[in-house]
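run-v9.pdb (PDB, C-alpha atoms)
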```
ATOM      1  CA  MET A   1       8.804  68.326-121.314
ATOM      2  CA  THR A   2      10.078  64.827-121.964
ATOM      3  CA  LYS A   3      13.277  66.334-123.341
ATOM      4  CA  ILE A   4      13.810  68.414-120.196
ATOM      5  CA  ARG A   5      13.162  65.369-118.005
ATOM      6  CA  SER A   6      15.645  63.344-120.015
ATOM      7  CA  MET A   7      18.287  66.094-119.717
ATOM      8  CA  LEU A   8      17.694  66.348-115.977
ATOM      9  CA  ALA A   9      18.007  62.596-115.578
ATOM     10  CA  THR A  10      21.281  62.618-117.530
ATOM     11  CA  ALA A  11      22.649  65.470-115.394
ATOM     12  CA  VAL A  12      21.665  63.720-112.154
ATOM     13  CA  ALA A  13      23.150  60.423-113.360
ATOM     14  CA  GLY A  14      26.350  62.230-114.309
ATOM     15  CA  ALA A  15      26.594  63.914-110.910
ATOM     16  CA  VAL A  16      25.966  60.623-109.109
ATOM     17  CA  PHE A  17      28.598  58.882-111.244
ATOM     18  CA  MET A  18      31.129  61.615-110.479
ATOM     19  CA  MET A  19      30.438  61.326-106.771
ATOM     20  CA  MET A  20      30.746  57.543-106.816
ATOM     21  CA  ALA A  21      33.885  57.365-108.948
ATOM     22  CA  PRO A  22      37.076  57.333-106.899
ATOM     23  CA  ALA A  23      38.744  60.700-106.917
ATOM     24  CA  ALA A  24      41.614  60.620-109.386
ATOM     25  CA  GLN A  25      44.742  61.189-107.323
ATOM     26  CA  ALA A  26      47.405  63.364-108.830
ATOM     27  CA  VAL A  27      50.779  61.649-108.943
ATOM     28  CA  ASP A  28      53.308  63.144-106.536
ATOM     29  CA  ALA A  29      56.385  62.973-108.767
ATOM     30  CA  ASP A  30      58.793  64.259-106.083
ATOM     31  CA  ALA A  31      57.643  61.626-103.598
ATOM     32  CA  ALA A  32      57.878  58.887-106.240
ATOM     33  CA  LEU A  33      61.393  59.902-107.221
ATOM     34  CA  ALA A  34      62.449  60.119-103.570
ATOM     35  CA  LEU A  35      61.158  56.573-102.972
ATOM     36  CA  ALA A  36      62.958  55.348-106.101
ATOM     37  CA  ARG A  37      66.201  56.950-104.899
ATOM     38  CA  GLN A  38      65.813  55.563-101.375
ATOM     39  CA  ASN A  39      65.404  52.052-102.798
ATOM     40  CA  ASN A  40      68.255  52.357-105.300
ATOM     41  CA  CYS A  41      65.812  51.735-108.172
ATOM     42  CA  LEU A  42      67.843  54.076-110.341
ATOM     43  CA  LYS A  43      70.878  51.818-110.162
ATOM     44  CA  CYS A  44      69.082  49.433-112.533
ATOM     45  CA  HIS A  45      66.435  51.666-114.145
ATOM     46  CA  ALA A  46      66.385  55.108-115.715
ATOM     47  CA  ILE A  47      63.505  57.167-117.028
ATOM     48  CA  GLU A  48      64.722  57.388-120.621
ATOM     49  CA  LYS A  49      67.326  54.683-121.213
ATOM     50  CA  ASP A  50      67.565  50.963-120.572
ATOM     51  CA  LYS A  51      70.059  49.754-117.978
ATOM     52  CA  ASP A  52      69.948  46.294-116.387
ATOM     53  CA  GLY A  53      66.225  46.954-116.162
ATOM     54  CA  PRO A  54      64.004  48.550-118.810
ATOM     55  CA  SER A  55      63.545  52.311-118.883
ATOM     56  CA  TYR A  56      60.423  53.592-117.142
ATOM     57  CA  LYS A  57      59.255  54.945-120.495
ATOM     58  CA  LYS A  58      59.429  51.439-121.943
ATOM     59  CA  VAL A  59      57.547  50.026-118.942
ATOM     60  CA  ALA A  60      54.830  52.686-119.341
ATOM     61  CA  GLU A  61      54.582  51.891-123.051
ATOM     62  CA  LYS A  62      54.280  48.150-122.379
ATOM     63  CA  TYR A  63      51.392  48.617-119.973
ATOM     64  CA  LYS A  64      49.652  51.455-121.809
ATOM     65  CA  GLY A  65      45.898  50.896-121.968
ATOM     66  CA  LYS A  66      46.024  47.685-119.951
ATOM     67  CA  ALA A  67      43.454  47.537-117.200
ATOM     68  CA  ASN A  68      45.646  45.549-114.829
ATOM     69  CA  ALA A  69      48.771  47.672-115.314
ATOM     70  CA  GLU A  70      48.838  49.172-111.843
ATOM     71  CA  ALA A  71      48.109  45.900-110.037
ATOM     72  CA  ARG A  72      50.674  44.060-112.171
ATOM     73  CA  LEU A  73      53.460  46.531-111.390
ATOM     74  CA  ILE A  74      52.592  46.644-107.705
ATOM     75  CA  GLU A  75      52.889  42.856-107.651
ATOM     76  CA  HIS A  76      56.210  43.070-109.492
ATOM     77  CA  ILE A  77      57.870  45.448-107.017
ATOM     78  CA  THR A  78      56.419  44.120-103.775
ATOM     79  CA  SER A  79      56.473  40.322-104.129
ATOM     80  CA  GLY A  80      60.084  39.601-105.047
ATOM     81  CA  GLU A  81      59.013  37.808-108.230
ATOM     82  CA  LYS A  82      61.628  36.966-110.839
ATOM     83  CA  ALA A  83      62.718  39.617-113.303
ATOM     84  CA  LYS A  84      64.397  38.782-116.604
ATOM     85  CA  PHE A  85      67.730  40.485-117.269
ATOM     86  CA  PRO A  86      69.212  41.466-120.656
ATOM     87  CA  ASP A  87      71.647  38.499-120.573
ATOM     88  CA  GLY A  88      68.709  36.110-120.096
ATOM     89  CA  HIS A  89      69.211  35.192-116.464
ATOM     90  CA  GLU A  90      66.401  35.617-113.975
ATOM     91  CA  GLU A  91      66.672  37.148-110.554
ATOM     92  CA  GLU A  92      64.276  38.198-107.821
ATOM     93  CA  HIS A  93      63.273  41.840-108.177
ATOM     94  CA  LYS A  94      64.052  43.971-105.165
ATOM     95  CA  ILE A  95      61.104  44.423-102.820
ATOM     96  CA  ILE A  96      60.467  48.141-102.469
ATOM     97  CA  LYS A  97      60.463  49.348 -98.898
ATOM     98  CA  THR A  98      58.613  52.364 -97.638
ATOM     99  CA  SER A  99      58.726  54.408 -94.469
ATOM    100  CA  PRO A 100      56.459  53.697 -92.632
ATOM    101  CA  PRO A 101      56.721  50.054 -93.760
ATOM    102  CA  LYS A 102      54.275  48.607 -96.297
ATOM    103  CA  ASP A 103      52.641  51.944 -97.067
ATOM    104  CA  MET A 104      50.633  50.989-100.159
ATOM    105  CA  ALA A 105      49.814  54.616-100.932
ATOM    106  CA  GLN A 106      53.519  55.296-101.514
ATOM    107  CA  ILE A 107      53.903  52.136-103.635
ATOM    108  CA  LYS A 108      50.841  53.064-105.679
ATOM    109  CA  ASN A 109      52.159  56.581-106.212
ATOM    110  CA  LEU A 110      55.495  55.179-107.442
ATOM    111  CA  VAL A 111      53.760  52.817-109.864
ATOM    112  CA  GLN A 112      51.485  55.580-111.167
ATOM    113  CA  TRP A 113      54.543  57.777-111.678
ATOM    114  CA  ILE A 114      56.286  55.007-113.657
ATOM    115  CA  LEU A 115      53.148  54.470-115.769
ATOM    116  CA  ALA A 116      52.951  58.205-116.437
ATOM    117  CA  GLN A 117      56.413  58.333-118.077
TER
ATOM    118  CA  MET B   1     101.132  86.093 -38.574
ATOM    119  CA  ASP B   2     103.908  84.824 -40.826
ATOM    120  CA  ASN B   3     103.545  86.485 -44.230
ATOM    121  CA  ASN B   4     106.509  84.597 -45.662
ATOM    122  CA  LYS B   5     104.724  81.197 -45.513
ATOM    123  CA  PRO B   6     104.533  79.756 -49.096
ATOM    124  CA  GLY B   7     101.104  79.246 -50.658
ATOM    125  CA  PHE B   8      99.275  75.923 -51.078
ATOM    126  CA  PHE B   9     100.387  75.250 -54.666
ATOM    127  CA  LYS B  10     104.004  76.133 -53.927
ATOM    128  CA  ARG B  11     104.010  73.788 -50.914
ATOM    129  CA  MET B  12     102.427  70.998 -53.022
ATOM    130  CA  TRP B  13     105.004  71.491 -55.746
ATOM    131  CA  GLY B  14     107.721  71.302 -53.078
ATOM    132  CA  VAL B  15     106.391  67.920 -51.945
ATOM    133  CA  LEU B  16     106.095  66.598 -55.504
ATOM    134  CA  ALA B  17     109.497  67.848 -56.638
ATOM    135  CA  ARG B  18     111.404  66.532 -53.599
ATOM    136  CA  PRO B  19     113.036  63.141 -54.179
ATOM    137  CA  SER B  20     111.564  60.407 -52.040
ATOM    138  CA  ALA B  21     113.738  59.320 -49.170
ATOM    139  CA  LYS B  22     111.166  56.909 -47.799
ATOM    140  CA  TYR B  23     109.829  54.857 -50.771
ATOM    141  CA  SER B  24     111.741  52.842 -53.317
ATOM    142  CA  VAL B  25     111.493  53.607 -57.045
ATOM    143  CA  LEU B  26     109.819  50.209 -57.485
ATOM    144  CA  ALA B  27     107.126  51.032 -54.911
ATOM    145  CA  ILE B  28     106.425  54.413 -56.511
ATOM    146  CA  ALA B  29     106.394  52.880 -60.018
ATOM    147  CA  SER B  30     104.012  50.139 -58.845
ATOM    148  CA  VAL B  31     101.608  52.653 -57.340
ATOM    149  CA  PHE B  32     101.588  54.735 -60.539
ATOM    150  CA  PHE B  33     101.176  51.585 -62.641
ATOM    151  CA  VAL B  34      98.024  50.623 -60.723
ATOM    152  CA  ILE B  35      96.718  54.205 -60.780
ATOM    153  CA  GLY B  36      97.403  54.274 -64.540
ATOM    154  CA  ILE B  37      95.412  51.081 -65.108
ATOM    155  CA  LEU B  38      92.492  52.394 -63.051
ATOM    156  CA  PHE B  39      92.548  55.738 -64.875
ATOM    157  CA  TRP B  40      92.784  54.120 -68.307
ATOM    158  CA  GLY B  41      90.046  51.617 -67.463
ATOM    159  CA  GLY B  42      87.803  54.371 -66.127
ATOM    160  CA  PHE B  43      88.436  56.557 -69.153
ATOM    161  CA  HIS B  44      87.612  53.784 -71.583
ATOM    162  CA  THR B  45      84.564  52.638 -69.647
ATOM    163  CA  GLY B  46      83.272  56.220 -69.780
ATOM    164  CA  LEU B  47      84.080  56.464 -73.467
ATOM    165  CA  GLU B  48      82.345  53.197 -74.286
ATOM    166  CA  MET B  49      79.266  54.381 -72.423
ATOM    167  CA  THR B  50      78.985  57.145 -75.029
ATOM    168  CA  ASN B  51      78.986  54.476 -77.757
ATOM    169  CA  THR B  52      75.751  52.779 -76.722
ATOM    170  CA  LEU B  53      72.416  53.004 -78.488
ATOM    171  CA  ASP B  54      70.816  54.226 -75.257
ATOM    172  CA  PHE B  55      73.291  57.104 -74.986
ATOM    173  CA  CYS B  56      72.860  58.146 -78.631
ATOM    174  CA  THR B  57      69.085  58.226 -78.315
ATOM    175  CA  THR B  58      69.112  60.235 -75.099
ATOM    176  CA  CYS B  59      68.782  63.397 -77.172
ATOM    177  CA  HIS B  60      65.416  63.816 -78.876
ATOM    178  CA  GLU B  61      67.246  65.242 -81.914
ATOM    179  CA  MET B  62      68.431  61.697 -82.704
ATOM    180  CA  ARG B  63      65.585  59.746 -81.093
ATOM    181  CA  ASP B  64      62.755  61.421 -83.023
ATOM    182  CA  THR B  65      64.417  61.516 -86.431
ATOM    183  CA  VAL B  66      67.247  59.270 -87.605
ATOM    184  CA  TYR B  67      66.670  56.638 -84.907
ATOM    185  CA  GLN B  68      63.068  56.084 -86.054
ATOM    186  CA  GLU B  69      64.276  55.700 -89.645
ATOM    187  CA  TYR B  70      67.086  53.330 -88.659
ATOM    188  CA  LYS B  71      64.574  51.097 -86.812
ATOM    189  CA  GLU B  72      62.926  50.316 -90.154
ATOM    190  CA  THR B  73      66.143  49.124 -91.772
ATOM    191  CA  ILE B  74      68.040  45.850 -92.026
ATOM    192  CA  HIS B  75      70.818  47.157 -89.764
ATOM    193  CA  TYR B  76      68.313  47.242 -86.878
ATOM    194  CA  SER B  77      66.241  44.131 -87.533
ATOM    195  CA  ASN B  78      67.081  41.216 -89.793
ATOM    196  CA  ARG B  79      67.017  37.447 -90.312
ATOM    197  CA  THR B  80      70.246  36.667 -88.457
ATOM    198  CA  GLY B  81      69.744  38.895 -85.419
ATOM    199  CA  VAL B  82      72.982  40.816 -85.889
ATOM    200  CA  ARG B  83      72.452  44.490 -85.132
ATOM    201  CA  ALA B  84      74.675  47.404 -86.053
ATOM    202  CA  ILE B  85      74.096  50.286 -83.636
ATOM    203  CA  CYS B  86      74.909  53.979 -84.179
ATOM    204  CA  SER B  87      78.541  53.758 -83.072
ATOM    205  CA  ASP B  88      79.224  50.719 -85.282
ATOM    206  CA  CYS B  89      78.733  52.942 -88.320
ATOM    207  CA  HIS B  90      79.584  56.396 -86.986
ATOM    208  CA  VAL B  91      82.502  55.866 -84.584
ATOM    209  CA  PRO B  92      85.799  54.349 -85.769
ATOM    210  CA  ARG B  93      87.090  51.362 -83.804
ATOM    211  CA  GLU B  94      90.771  52.332 -84.037
ATOM    212  CA  TRP B  95      91.989  54.402 -81.084
ATOM    213  CA  GLY B  96      93.385  57.440 -82.934
ATOM    214  CA  PRO B  97      90.464  57.970 -85.347
ATOM    215  CA  LYS B  98      88.060  57.255 -82.460
ATOM    216  CA  MET B  99      89.597  60.032 -80.337
ATOM    217  CA  ILE B 100      89.418  62.460 -83.284
ATOM    218  CA  ARG B 101      85.769  61.524 -83.923
ATOM    219  CA  LYS B 102      84.892  61.946 -80.242
ATOM    220  CA  ALA B 103      86.626  65.326 -80.092
ATOM    221  CA  ARG B 104      84.650  66.468 -83.145
ATOM    222  CA  ALA B 105      81.463  65.105 -81.604
ATOM    223  CA  SER B 106      81.888  67.621 -78.797
ATOM    224  CA  LEU B 107      80.730  70.205 -81.361
ATOM    225  CA  GLU B 108      77.427  68.325 -81.421
ATOM    226  CA  VAL B 109      77.038  69.221 -77.739
ATOM    227  CA  TRP B 110      77.288  72.863 -78.780
ATOM    228  CA  GLY B 111      74.598  72.205 -81.389
ATOM    229  CA  LYS B 112      72.425  70.686 -78.658
ATOM    230  CA  ILE B 113      72.902  73.717 -76.373
ATOM    231  CA  THR B 114      72.117  76.206 -79.136
ATOM    232  CA  GLY B 115      69.114  74.204 -80.413
ATOM    233  CA  ASP B 116      70.560  73.875 -83.896
ATOM    234  CA  ILE B 117      68.320  70.943 -84.897
ATOM    235  CA  ASP B 118      65.870  70.789 -81.999
ATOM    236  CA  THR B 119      62.757  70.454 -84.189
ATOM    237  CA  LYS B 120      61.995  68.078 -87.068
ATOM    238  CA  GLU B 121      61.752  71.064 -89.421
ATOM    239  CA  LYS B 122      65.184  72.363 -88.403
ATOM    240  CA  PHE B 123      66.598  68.855 -88.746
ATOM    241  CA  GLU B 124      65.175  68.435 -92.262
ATOM    242  CA  ALA B 125      66.548  71.833 -93.259
ATOM    243  CA  LYS B 126      70.038  70.694 -92.230
ATOM    244  CA  ARG B 127      69.791  67.033 -93.227
ATOM    245  CA  MET B 128      71.738  67.481 -96.477
ATOM    246  CA  THR B 129      74.574  69.319 -94.682
ATOM    247  CA  LEU B 130      74.761  66.778 -91.876
ATOM    248  CA  ALA B 131      74.551  63.797 -94.225
ATOM    249  CA  THR B 132      77.198  65.272 -96.523
ATOM    250  CA  HIS B 133      79.612  65.650 -93.573
ATOM    251  CA  GLU B 134      79.140  62.000 -92.688
ATOM    252  CA  TRP B 135      79.382  60.780 -96.289
ATOM    253  CA  ASP B 136      82.623  62.752 -96.705
ATOM    254  CA  ARG B 137      84.017  61.251 -93.490
ATOM    255  CA  MET B 138      83.124  57.738 -94.635
ATOM    256  CA  LYS B 139      84.551  58.312 -98.092
ATOM    257  CA  ALA B 140      87.821  59.594 -96.579
ATOM    258  CA  SER B 141      88.173  56.466 -94.423
ATOM    259  CA  ASN B 142      87.325  54.136 -97.335
ATOM    260  CA  SER B 143      84.071  53.287 -95.497
ATOM    261  CA  GLN B 144      86.094  51.702 -92.696
ATOM    262  CA  GLU B 145      83.093  51.246 -90.400
ATOM    263  CA  CYS B 146      81.169  49.385 -93.141
ATOM    264  CA  ARG B 147      84.242  47.264 -93.815
ATOM    265  CA  ASN B 148      84.524  46.239 -90.172
ATOM    266  CA  CYS B 149      81.723  43.803 -91.083
ATOM    267  CA  HIS B 150      81.551  43.741 -94.901
ATOM    268  CA  ALA B 151      84.336  42.922 -97.361
ATOM    269  CA  PHE B 152      84.390  42.523-101.151
ATOM    270  CA  ASP B 153      86.494  39.380-100.717
ATOM    271  CA  ALA B 154      83.920  37.794 -98.429
ATOM    272  CA  MET B 155      81.114  38.138-100.981
ATOM    273  CA  SER B 156      80.126  34.807-102.479
ATOM    274  CA  SER B 157      79.238  34.689-106.169
ATOM    275  CA  GLU B 158      76.962  31.755-105.382
ATOM    276  CA  LEU B 159      75.130  33.252-102.428
ATOM    277  CA  GLN B 160      74.871  36.867-103.535
ATOM    278  CA  LYS B 161      72.428  37.675-106.322
ATOM    279  CA  GLN B 162      74.158  37.900-109.690
ATOM    280  CA  THR B 163      73.471  41.576-110.342
ATOM    281  CA  PRO B 164      74.656  42.988-107.016
ATOM    282  CA  TYR B 165      77.662  40.636-107.145
ATOM    283  CA  LYS B 166      78.619  41.975-110.582
ATOM    284  CA  LYS B 167      78.176  45.555-109.365
ATOM    285  CA  HIS B 168      80.280  44.870-106.262
ATOM    286  CA  MET B 169      83.127  43.337-108.256
ATOM    287  CA  LYS B 170      83.019  46.242-110.710
ATOM    288  CA  ALA B 171      83.095  48.703-107.787
ATOM    289  CA  LYS B 172      86.110  46.875-106.352
ATOM    290  CA  GLU B 173      87.940  47.125-109.691
ATOM    291  CA  GLU B 174      87.124  50.808-109.962
ATOM    292  CA  GLY B 175      88.329  51.469-106.418
ATOM    293  CA  LYS B 176      84.906  52.537-105.203
ATOM    294  CA  THR B 177      83.972  52.417-101.553
ATOM    295  CA  CYS B 178      80.729  51.310 -99.872
ATOM    296  CA  ILE B 179      79.329  54.787 -99.248
ATOM    297  CA  ASP B 180      79.666  55.679-102.953
ATOM    298  CA  CYS B 181      76.594  53.539-103.698
ATOM    299  CA  HIS B 182      74.956  52.900-100.310
ATOM    300  CA  LYS B 183      73.971  56.362 -99.119
ATOM    301  CA  GLY B 184      70.748  56.349 -97.148
ATOM    302  CA  ILE B 185      71.092  52.687 -96.182
ATOM    303  CA  ALA B 186      70.057  53.360 -92.577
ATOM    304  CA  HIS B 187      68.390  56.784 -92.774
ATOM    305  CA  HIS B 188      66.209  58.759 -95.152
ATOM    306  CA  LEU B 189      68.025  60.482 -97.959
ATOM    307  CA  PRO B 190      67.926  64.290 -97.908
ATOM    308  CA  LYS B 191      65.313  65.657-100.296
ATOM    309  CA  GLU B 192      68.036  67.552-102.180
ATOM    310  CA  TYR B 193      70.019  64.364-102.873
ATOM    311  CA  LYS B 194      70.257  63.077-106.429
ATOM    312  CA  ASP B 195      71.559  59.639-107.305
ATOM    313  CA  PRO B 196      74.651  60.027-109.541
ATOM    314  CA  ASP B 197      73.400  57.031-111.561
ATOM    315  CA  GLU B 198      70.174  58.795-112.535
TER
END
```

Could you render the structure as structure tokens?
Amino acid sequence: MTKIRSMLATAVAGAVFMMMAPAAQAVDADAALALARQNNCLKCHAIEKDKDGPSYKKVAEKYKGKANAEARLIEHITSGEKAKFPDGHEEEHKIIKTSPPKDMAQIKNLVQWILAQ
Amino acid sequence: MDNNKPGFFKRMWGVLARPSAKYSVLAIASVFFVIGILFWGGFHTGLEMTNTLDFCTTCHEMRDTVYQEYKETIHYSNRTGVRAICSDCHVPREWGPKMIRKARASLEVWGKITGDIDTKEKFEAKRMTLATHEWDRMKASNSQECRNCHAFDAMSSELQKQTPYKKHMKAKEEGKTCIDCHKGIAHHLPKEYKDPDE
């Protein structure tokens, strides 16, 4: 009886946890790529190879397993903070623009797409 | 009734073809000079009216789609308050190219009548075709409308960020033109578009 109660409690706790956890949003790769193209991201970045900026694969690797990865990248592409270039000089990173303006869902989707490379 | 009386047009032609016995050549030339100025002024005033932002956004095909996108860009609103309107980018300033562009634009009236892009869905379905026409036109004119305001030689290595400056100077060396790299600067890119640098 105790065992059944314990199993029930675990099942209920699991269900509650699943309901409370934010629904994992699937990355919309087409939308992310369209936003990257619209903002000329691909002039300085590529998925596989390094250009003036690191490849998206390298970025994903750098932030793999880090809890603040998403927030860090969002900050990087929306604040105009300095980015370091291969020749050592620093320059403000382009601020990504969305349509409608400042649509954080689009920014988040782009960052999640980069982190998924 | 006299059936041999010449018709209206024949009589008018008779008047026009007959040498003037009453007015001097100078008087006639002066009258035509003034009429010419009025006609030319009227023609150009009418033409310039079709170059205004208000005129371009009269049609909902433009107002509901590309105009809304343009309003979010730097060419509409920026730090210095300089605005580039539709005609600044899409209508040449030089007389000959302007007349050719305006003549071609009359086809757009046909598109309006036939409802070619009268819904957002229809517009999106044709966006790549329409954008490609405009990109080709800009490429053929060496992005003349961009260069009415922007010039490689006017770019300052101190004021422009290092990376875009390097890219601009490289583009100049390679004989590239603005539209080669700046597609979608004032409107959404078509979903079929792929950046050649990808």

Would you write out, as JSON lines, a table of all residues in chain B that have an atom no more than 9 Å from an atom of chain A, listing for each the closest atom pair and the distance in Å to one decimal, considering only C-alpha atoms and ordering rows by chain and rising residue number?
```
{"residue": "B:Glu69", "atom": "CA", "partner": "A:Ser99", "partner_atom": "CA", "distance": 7.5}
{"residue": "B:Glu72", "atom": "CA", "partner": "A:Pro101", "partner_atom": "CA", "distance": 7.2}
{"residue": "B:Lys161", "atom": "CA", "partner": "A:Glu91", "partner_atom": "CA", "distance": 7.2}
{"residue": "B:Gln162", "atom": "CA", "partner": "A:Glu91", "partner_atom": "CA", "distance": 7.6}
{"residue": "B:Thr163", "atom": "CA", "partner": "A:Glu91", "partner_atom": "CA", "distance": 8.1}
{"residue": "B:Cys181", "atom": "CA", "partner": "A:Asn40", "partner_atom": "CA", "distance": 8.6}
{"residue": "B:His182", "atom": "CA", "partner": "A:Asn40", "partner_atom": "CA", "distance": 8.4}
{"residue": "B:Lys183", "atom": "CA", "partner": "A:Gln38", "partner_atom": "CA", "distance": 8.5}
{"residue": "B:Gly184", "atom": "CA", "partner": "A:Gln38", "partner_atom": "CA", "distance": 6.5}
{"residue": "B:Ile185", "atom": "CA", "partner": "A:Gln38", "partner_atom": "CA", "distance": 7.9}
{"residue": "B:His188", "atom": "CA", "partner": "A:Gln38", "partner_atom": "CA", "distance": 7.0}
{"residue": "B:Leu189", "atom": "CA", "partner": "A:Gln38", "partner_atom": "CA", "distance": 6.4}
{"residue": "B:Pro190", "atom": "CA", "partner": "A:Ala34", "partner_atom": "CA", "distance": 8.9}
{"residue": "B:Lys191", "atom": "CA", "partner": "A:Ala34", "partner_atom": "CA", "distance": 7.0}
{"residue": "B:Tyr193", "atom": "CA", "partner": "A:Arg37", "partner_atom": "CA", "distance": 8.6}
{"residue": "B:Lys194", "atom": "CA", "partner": "A:Arg37", "partner_atom": "CA", "distance": 7.5}
{"residue": "B:Asp195", "atom": "CA", "partner": "A:Arg37", "partner_atom": "CA", "distance": 6.5}
{"residue": "B:Asp197", "atom": "CA", "partner": "A:Lys43", "partner_atom": "CA", "distance": 6.0}
{"residue": "B:Glu198", "atom": "CA", "partner": "A:Leu42", "partner_atom": "CA", "distance": 5.7}
```

Within 8 Å of segment 55-57 of chain B, counting all atoms listed in the file, which residues qualify if same-chain residues fewer than 6 places away don't, as a PyMOL selection string? chain B and resi 49+63+67+86

Counting all atoms listed in the file, what is within 10 Å of Met155 of chain B, bar same-chain residues fewer than 6 positions away, as a VMD selection string? chain B and resid 165 168 to 169

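The coordinates place atom CA of Ala83 of chain A at 16.7 Å from atom CA of Ile114 of chain A.
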
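When the PyMOL selection byres ((chain A and resi 115) around 9) is evaluated on the file shown here, the picked residues come out as Tyr56, Lys57, Val59, Ala60, Glu61, Tyr63, Lys64, Ala69, Glu70, Leu110, Val111, Gln112, Trp113, Ile114, Ala116 and Gln117 of chain A.
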
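The two atoms in question, atom CA of Lys120 of chain B and atom CA of Met138 of chain B, are spaced 24.7 Å apart.
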
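Put simply, atom CA of Ile28 of chain B is 19.9 Å away from atom CA of Gly41 of chain B.
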
For this file, the PyMOL selection byres ((chain B and resi 90) around 10) selects which residues, as a PyMOL selection string? chain B and resi 51+85-89+91-93+98+101+134+137-138+144-146

I need the residue set behind the PyMOL selection byres ((chain B and resi 127) around 12) for this file; please write it as a compact mmCIF listing (two decimals) with C-alpha atoms, keeping the file's coordinate frame.
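This went into selection_38.txt:
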```txt
# COMPACT_ATOMS: atom_id res chain seq x y z
CA GLU B 61 67.25 65.24 -81.91
CA MET B 62 68.43 61.70 -82.70
CA THR B 65 64.42 61.52 -86.43
CA VAL B 66 67.25 59.27 -87.60
CA ASP B 116 70.56 73.88 -83.90
CA ILE B 117 68.32 70.94 -84.90
CA THR B 119 62.76 70.45 -84.19
CA LYS B 120 62.00 68.08 -87.07
CA GLU B 121 61.75 71.06 -89.42
CA LYS B 122 65.18 72.36 -88.40
CA PHE B 123 66.60 68.86 -88.75
CA GLU B 124 65.18 68.44 -92.26
CA ALA B 125 66.55 71.83 -93.26
CA LYS B 126 70.04 70.69 -92.23
CA MET B 128 71.74 67.48 -96.48
CA THR B 129 74.57 69.32 -94.68
CA LEU B 130 74.76 66.78 -91.88
CA ALA B 131 74.55 63.80 -94.22
CA THR B 132 77.20 65.27 -96.52
CA HIS B 133 79.61 65.65 -93.57
CA GLU B 134 79.14 62.00 -92.69
CA TRP B 135 79.38 60.78 -96.29
CA GLY B 184 70.75 56.35 -97.15
CA HIS B 187 68.39 56.78 -92.77
CA HIS B 188 66.21 58.76 -95.15
CA LEU B 189 68.03 60.48 -97.96
CA PRO B 190 67.93 64.29 -97.91
CA LYS B 191 65.31 65.66 -100.30
CA GLU B 192 68.04 67.55 -102.18
CA TYR B 193 70.02 64.36 -102.87
```

Got a sec: who's within 7 Å of His93 of chain A, counting all atoms listed in the file, leaving out chain neighbours fewer than 6 positions off, as a ChimeraX atom specification? /A:77,80-83

Could you tell me which of B:Tyr70, B:Trp95, B:Phe39, B:Phe8 comes closest to Arg83 of chain B if we count all atoms listed in the file? B:Tyr70

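Ranking A:Ile95, A:Ala32, A:Ala105, A:Gly53 by their shortest atom-to-atom distance to Glu75 of chain A, with all atoms listed in the file included, puts A:Ile95 first.
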
Let me know the centre plus edge lengths, in Å and rounded to one decimal, of a box with edges along x, y and z that contains all listed atoms of segment 139-158 of chain B and is padded by 4 Å on every side, as AutoDock Vina command-line options.
```
--center_x 82.6 --center_y 45.7 --center_z -98.2 --size_x 19.2 --size_y 35.8 --size_z 24.0
```
